Amino acid sequence: KKRILSGIQPSGTLTLGNYIGALQHFVRLQEEEECYFCIVDYHAITLPRNVEQLRENKRKLAATYLAVGIDPEKATLFAQSDVSAHLELGWIMITTSYMGELERMTQFKEKSKEAESIPAGLFTYPSLQAADIVLYNATHVPVGDDQKQHLELARDLAQRFNQRYGETFVIPEPMIAEFGARIMSLTEPTSKMSKSSLVEGSYISLLDDLKTVEKKIKRAVTDSENEIRFDAVNKPAVSNLLTIYSSITNKSMAEAEEHFAGKGYGALKTEVAEVVVDMLKPFQEKYEYYYQSEELDKLMQHGAEKARKVANETLQKVRDTLGVGFTN
Ligand code: ATP
Ligand code: MG
């Protein structure tokens with residue numbers, strides 16, 4: 001069995017990109033593998049957050065995980081901040097990191113561009129992410145394309161630690177899907193769809209009302225010429241719509257292209273909107289239930305307990321290896 005770990009930040013309402021690039025795979029993976037799914041709230045505070053909003057986003061994310069079908073009996077679902085071992089090992093992974101390698105992270109470069117003064121946590125974020133992963137001896141990390149570089153770094157840090165102090169960590173492998181690993185913005189198809197984006201029409205929120213979803217897809221930009229085919233370089237907008245369609249319907253790209261052969265952009269948008277709406281409708285009903293329910297709180301507490309057991313065991317081993325502390 002593989003050991004899977006993946007996390008999502010409670011930094012906004014989840015988008016269709018998060019669903020296709022992450023959640024959809026998680027639901028499948030929990031059937032076969034040993035899965036740990038995390039709400040990475042300590043990552044979310046690397047940029048300043050409004051407290052009420054963070055509280056709400058955290059609950060929204062938990063309800064989203066449950067509503068897409070993550071089953072807390074099959075997978076371990078928990079919040080990072082409920083397992084203090086993340087921060088302890090996070091510090092240790094920071095001491096294992098070099099400035100130069102952290103400076104090369106594109107997400108840091110992108111996100112620090114917008115900040116007036118750059119928070120130190122934004123810089124050391126990938127070191128904490130490495131800790132999140134090795135804490136559970138994860139063998140595989142399913143991520144979208146945007147997280148590939150961070151995962152490479154996590155591997156480097158785990159290897160460096162092992163070389164310095166002796167075999168301690170499992171070296172995690174990335175799992176990146178061939179299609180759907182990078183869903184693009186609907187208004188600017190050369191940049192990725194992001195939940196923290198400020199451009200309303202650029203993303204589809206999983207909680208958008210269904211009329212709005214339809215409108216956003218119909219207003220999505222398209223490319224010149226009329227042919228519907230997958231060509232991410234020359235036809236990024238149409239390719240993005242095709243990717244959404246094929247990911248949700250579980251069709252191959254070839255099947256999707258064949259399905260739309262001879263049809264126009266209008267038909268493409270109508271059908272993409274249809275499949276997205278059909279997927280969202282039952283999701284949103286379950287979401288409403290979980291968001292309100294006390295069951296959610298109980299499930300998250302239960303998940304935290306399960307996660308703590310595994311994480312504390314690893315942390316204990318690391319403390320021994322490092323030679324710190326008196327109370328191991
Ligand atoms: P933020 O803008 O706050 O960073 P985000 O939308 O990038 O939000 P994350 O919490 O950083 O979301 O990532 C959650 C998961 O969703 C990760 O596995 C990431 O690889 C995946 N993901 C994020 N954006 C996309 C996208 N546009 N297409 C496919 N997968 C994505
Ligand atoms: Mg992100």
# chains A, B, ... in the order shown; residues from 1 in each chain; ligands from 1

$ closest_atom_pairs --of "chain A" --to "ligand 1" --cutoff "6 Å" --atoms "only C-alpha atoms and all ligand atoms" --output "Markdown table"
| residue | atom | partner | partner_atom_place_in_ligand_line | distance |
| --- | --- | --- | --- | --- |
| A:Ile8 | CA | ligand 1 | 10 (O) | 3.9 |
| A:Gln9 | CA | ligand 1 | 10 (O) | 3.9 |
| A:Ser11 | CA | ligand 1 | 3 (O) | 4.9 |
| A:Gly17 | CA | ligand 1 | 28 (N) | 3.9 |
| A:Asn18 | CA | ligand 1 | 16 (O) | 4.0 |
| A:Ile20 | CA | ligand 1 | 29 (C) | 5.9 |
| A:Gly21 | CA | ligand 1 | 30 (N) | 3.4 |
| A:Ala22 | CA | ligand 1 | 18 (O) | 4.8 |
| A:Val143 | CA | ligand 1 | 18 (O) | 3.9 |
| A:Gly144 | CA | ligand 1 | 20 (O) | 3.1 |
| A:Asp145 | CA | ligand 1 | 20 (O) | 5.8 |
| A:Asp146 | CA | ligand 1 | 20 (O) | 5.3 |
| A:Gln147 | CA | ligand 1 | 20 (O) | 5.1 |
| A:Gly180 | CA | ligand 1 | 29 (C) | 5.8 |
| A:Ala181 | CA | ligand 1 | 29 (C) | 4.3 |
| A:Arg182 | CA | ligand 1 | 28 (N) | 3.5 |
| A:Ile183 | CA | ligand 1 | 28 (N) | 3.7 |
| A:Met184 | CA | ligand 1 | 27 (N) | 5.4 |
| A:Lys192 | CA | ligand 1 | 27 (N) | 4.5 |
| A:Met193 | CA | ligand 1 | 27 (N) | 4.0 |
| A:Ser194 | CA | ligand 1 | 6 (O) | 3.8 |
| A:Lys195 | CA | ligand 1 | 6 (O) | 4.1 |
| A:Ser196 | CA | ligand 1 | 2 (O) | 4.0 |

$ residues_around --residues "Thr76 (chain A)" --least-positions-apart "5" --cutoff "12 Å" --atoms "only C-alpha atoms" --output "ChimeraX atom specification"
/A:3-7,26,30,33-39,65-66,70-71,136,299-311

$ atom_distance --atom1 "CA of Leu151 (chain A)" --atom2 "CA of Pro126 (chain A)"
8.3 Å

$ closest_residue --among "A:Glu88, A:Asp82, A:Glu257, A:Glu32" --to "Arg319 (chain A)" --atoms "only C-alpha atoms"
A:Glu88

$ select_by_dssp --residues "region 146-220 of chain A" --states "strand (DSSP E or B)" --output "ChimeraX atom specification"
/A:173-175,184,192,205

$ closest_residue --among "A:Ser293, A:Ser81, A:Asn226, A:Ser246" --to "Gly262 (chain A)" --atoms "only C-alpha atoms"
A:Asn226

$ closest_residue --among "A:Val276, A:Ala237, A:Ile176, A:Ile94" --to "Thr212 (chain A)" --atoms "only C-alpha atoms"
A:Val276

$ atom_distance --atom1 "CA of Ser117 (chain A)" --atom2 "CA of Arg155 (chain A)"
29.2 Å

$ residues_around --residues "Arg59 (chain A)" --least-positions-apart "2" --cutoff "9 Å" --atoms "only C-alpha atoms" --output "list in words"
Pro10, Leu54, Arg55, Glu56, Asn57, Leu61, Ala62, Ala63, Thr64, Tyr291, Leu296 and Asp297 of chain A

$ write_last_selection --atoms "N, CA and C atoms" --output "CSV table (one decimal), in the first residue's frame"
chain,number,residue,atom,x,y,z
A,10,PRO,N,-6.6,26.6,3.8
A,10,PRO,CA,-8.0,27.2,4.0
A,10,PRO,C,-7.8,28.7,3.7
A,54,LEU,N,-10.6,33.2,8.4
A,54,LEU,CA,-9.8,31.9,8.5
A,54,LEU,C,-10.7,30.9,9.2
A,55,ARG,N,-11.4,31.3,10.2
A,55,ARG,CA,-12.3,30.4,10.9
A,55,ARG,C,-13.3,29.8,9.9
A,56,GLU,N,-13.9,30.7,9.1
A,56,GLU,CA,-14.9,30.2,8.2
A,56,GLU,C,-14.3,29.3,7.1
A,57,ASN,N,-13.1,29.8,6.6
A,57,ASN,CA,-12.5,29.0,5.5
A,57,ASN,C,-12.1,27.6,6.0
A,61,LEU,N,-13.5,24.3,4.3
A,61,LEU,CA,-12.6,23.3,3.7
A,61,LEU,C,-12.9,21.9,4.3
A,62,ALA,N,-13.2,21.8,5.6
A,62,ALA,CA,-13.5,20.5,6.2
A,62,ALA,C,-14.8,20.0,5.5
A,63,ALA,N,-15.8,20.9,5.4
A,63,ALA,CA,-17.1,20.5,4.8
A,63,ALA,C,-16.9,20.1,3.4
A,64,THR,N,-16.0,20.7,2.7
A,64,THR,CA,-15.7,20.4,1.3
A,64,THR,C,-15.1,19.0,1.1
A,291,TYR,N,-21.5,21.6,6.6
A,291,TYR,CA,-21.1,22.9,7.2
A,291,TYR,C,-21.8,23.2,8.5
A,296,LEU,N,-19.3,17.3,11.8
A,296,LEU,CA,-18.0,17.8,11.3
A,296,LEU,C,-17.0,18.0,12.4
A,297,ASP,N,-17.4,18.6,13.5
A,297,ASP,CA,-16.4,18.9,14.5
A,297,ASP,C,-15.9,17.5,15.1

$ residues_around --residues "Ser197 (chain A)" --least-positions-apart "5" --cutoff "10 Å" --atoms "only C-alpha atoms" --output "MDAnalysis selection string"
chainID A and resid 12 185 192 202:203

$ write_last_selection --atoms "N, CA and C atoms" --output "mmCIF file, in the first residue's frame"
data_model
loop_
_atom_site.group_PDB
_atom_site.id
_atom_site.type_symbol
_atom_site.label_atom_id
_atom_site.label_comp_id
_atom_site.auth_asym_id
_atom_site.auth_seq_id
_atom_site.Cartn_x
_atom_site.Cartn_y
_atom_site.Cartn_z
ATOM 1 N N GLY A 12 -9.449 30.272 1.083
ATOM 2 C CA GLY A 12 -10.559 30.789 0.280
ATOM 3 C C GLY A 12 -11.482 29.648 -0.051
ATOM 4 N N SER A 185 -6.988 29.802 -15.453
ATOM 5 C CA SER A 185 -7.971 30.863 -15.244
ATOM 6 C C SER A 185 -8.879 30.977 -16.469
ATOM 7 N N LYS A 192 -2.691 30.057 -13.728
ATOM 8 C CA LYS A 192 -3.514 28.991 -13.147
ATOM 9 C C LYS A 192 -4.717 29.529 -12.384
ATOM 10 N N SER A 202 -12.466 34.697 -13.071
ATOM 11 C CA SER A 202 -11.321 33.880 -13.460
ATOM 12 C C SER A 202 -11.431 32.445 -12.938
ATOM 13 N N TYR A 203 -12.213 32.260 -11.876
ATOM 14 C CA TYR A 203 -12.289 30.932 -11.273
ATOM 15 C C TYR A 203 -13.742 30.521 -11.063
#

$ closest_residue --among "A:Gly166, A:Gly201, A:Pro172, A:Pro119" --to "Pro142 (chain A)" --atoms "only C-alpha atoms"
A:Pro172

$ closest_residue --among "A:Val134, A:Leu207, A:Leu153, A:Ile92" --to "Arg104 (chain A)" --atoms "only C-alpha atoms"
A:Leu153

$ atom_distance --atom1 "CA of Lys235 (chain A)" --atom2 "atom 1 (Mg, counted along the ligand's line) of ligand 2"
24.0 Å

$ closest_residue --among "A:Ala232, A:Leu122, A:Val199, A:Leu102" --to "ligand 2" --atoms "only C-alpha atoms and all ligand atoms"
A:Leu122

$ residues_around --residues "Ala115 (chain A)" --least-positions-apart "6" --cutoff "12 Å" --atoms "only C-alpha atoms" --output "NGL selection string"
:A and (46-48 or 108-109 or 122-123)

$ select_by_dssp --residues "region 64-285 of chain A" --states "alpha helix (DSSP H)" --output "MDAnalysis selection string"
chainID A and resid 64:68 85:95 99:103 106:114 120:134 148:165 210:219 236:249 253:260 265:285

$ decode --residues "region 214-263 of chain A" --atoms "C-alpha atoms" --output "mmCIF file, in the first residue's frame"
data_model
loop_
_atom_site.group_PDB
_atom_site.id
_atom_site.type_symbol
_atom_site.label_atom_id
_atom_site.label_comp_id
_atom_site.auth_asym_id
_atom_site.auth_seq_id
_atom_site.Cartn_x
_atom_site.Cartn_y
_atom_site.Cartn_z
ATOM 1 C CA GLU A 214 -22.980 28.757 -16.214
ATOM 2 C CA LYS A 215 -22.392 32.448 -16.785
ATOM 3 C CA LYS A 216 -18.696 32.262 -15.935
ATOM 4 C CA ILE A 217 -18.146 29.383 -18.344
ATOM 5 C CA LYS A 218 -20.091 31.075 -21.132
ATOM 6 C CA ARG A 219 -17.996 34.215 -20.628
ATOM 7 C CA ALA A 220 -14.697 32.364 -20.556
ATOM 8 C CA VAL A 221 -12.257 33.640 -23.152
ATOM 9 C CA THR A 222 -11.624 31.430 -26.187
ATOM 10 C CA ASP A 223 -8.903 31.327 -28.821
ATOM 11 C CA SER A 224 -8.863 32.417 -32.423
ATOM 12 C CA GLU A 225 -10.060 30.000 -35.155
ATOM 13 C CA ASN A 226 -12.948 27.641 -34.533
ATOM 14 C CA GLU A 227 -11.543 24.176 -34.244
ATOM 15 C CA ILE A 228 -11.882 22.328 -30.932
ATOM 16 C CA ARG A 229 -8.662 20.470 -30.242
ATOM 17 C CA PHE A 230 -6.193 20.127 -27.398
ATOM 18 C CA ASP A 231 -3.155 22.340 -27.897
ATOM 19 C CA ALA A 232 -2.061 23.912 -24.632
ATOM 20 C CA VAL A 233 0.498 26.176 -26.309
ATOM 21 C CA ASN A 234 -1.480 27.630 -29.194
ATOM 22 C CA LYS A 235 -4.992 27.167 -27.841
ATOM 23 C CA PRO A 236 -4.741 27.506 -24.055
ATOM 24 C CA ALA A 237 -8.353 28.583 -23.486
ATOM 25 C CA VAL A 238 -10.030 25.828 -25.481
ATOM 26 C CA SER A 239 -7.573 23.263 -24.132
ATOM 27 C CA ASN A 240 -8.496 24.313 -20.612
ATOM 28 C CA LEU A 241 -12.211 23.804 -21.303
ATOM 29 C CA LEU A 242 -11.472 20.430 -22.866
ATOM 30 C CA THR A 243 -9.426 19.444 -19.824
ATOM 31 C CA ILE A 244 -12.271 20.386 -17.500
ATOM 32 C CA TYR A 245 -14.693 18.373 -19.611
ATOM 33 C CA SER A 246 -12.523 15.276 -19.847
ATOM 34 C CA SER A 247 -11.555 15.302 -16.157
ATOM 35 C CA ILE A 248 -15.118 15.534 -14.922
ATOM 36 C CA THR A 249 -16.607 13.052 -17.361
ATOM 37 C CA ASN A 250 -13.653 10.716 -16.937
ATOM 38 C CA LYS A 251 -13.127 10.615 -20.683
ATOM 39 C CA SER A 252 -9.707 10.549 -22.293
ATOM 40 C CA MET A 253 -8.599 13.652 -24.150
ATOM 41 C CA ALA A 254 -8.936 11.785 -27.451
ATOM 42 C CA GLU A 255 -12.527 10.866 -26.608
ATOM 43 C CA ALA A 256 -13.273 14.442 -25.605
ATOM 44 C CA GLU A 257 -11.822 15.787 -28.869
ATOM 45 C CA GLU A 258 -13.820 13.284 -30.843
ATOM 46 C CA HIS A 259 -16.970 14.203 -28.961
ATOM 47 C CA PHE A 260 -16.581 17.849 -29.984
ATOM 48 C CA ALA A 261 -15.336 17.254 -33.523
ATOM 49 C CA GLY A 262 -17.130 19.604 -35.917
ATOM 50 C CA LYS A 263 -18.872 21.521 -33.111
#
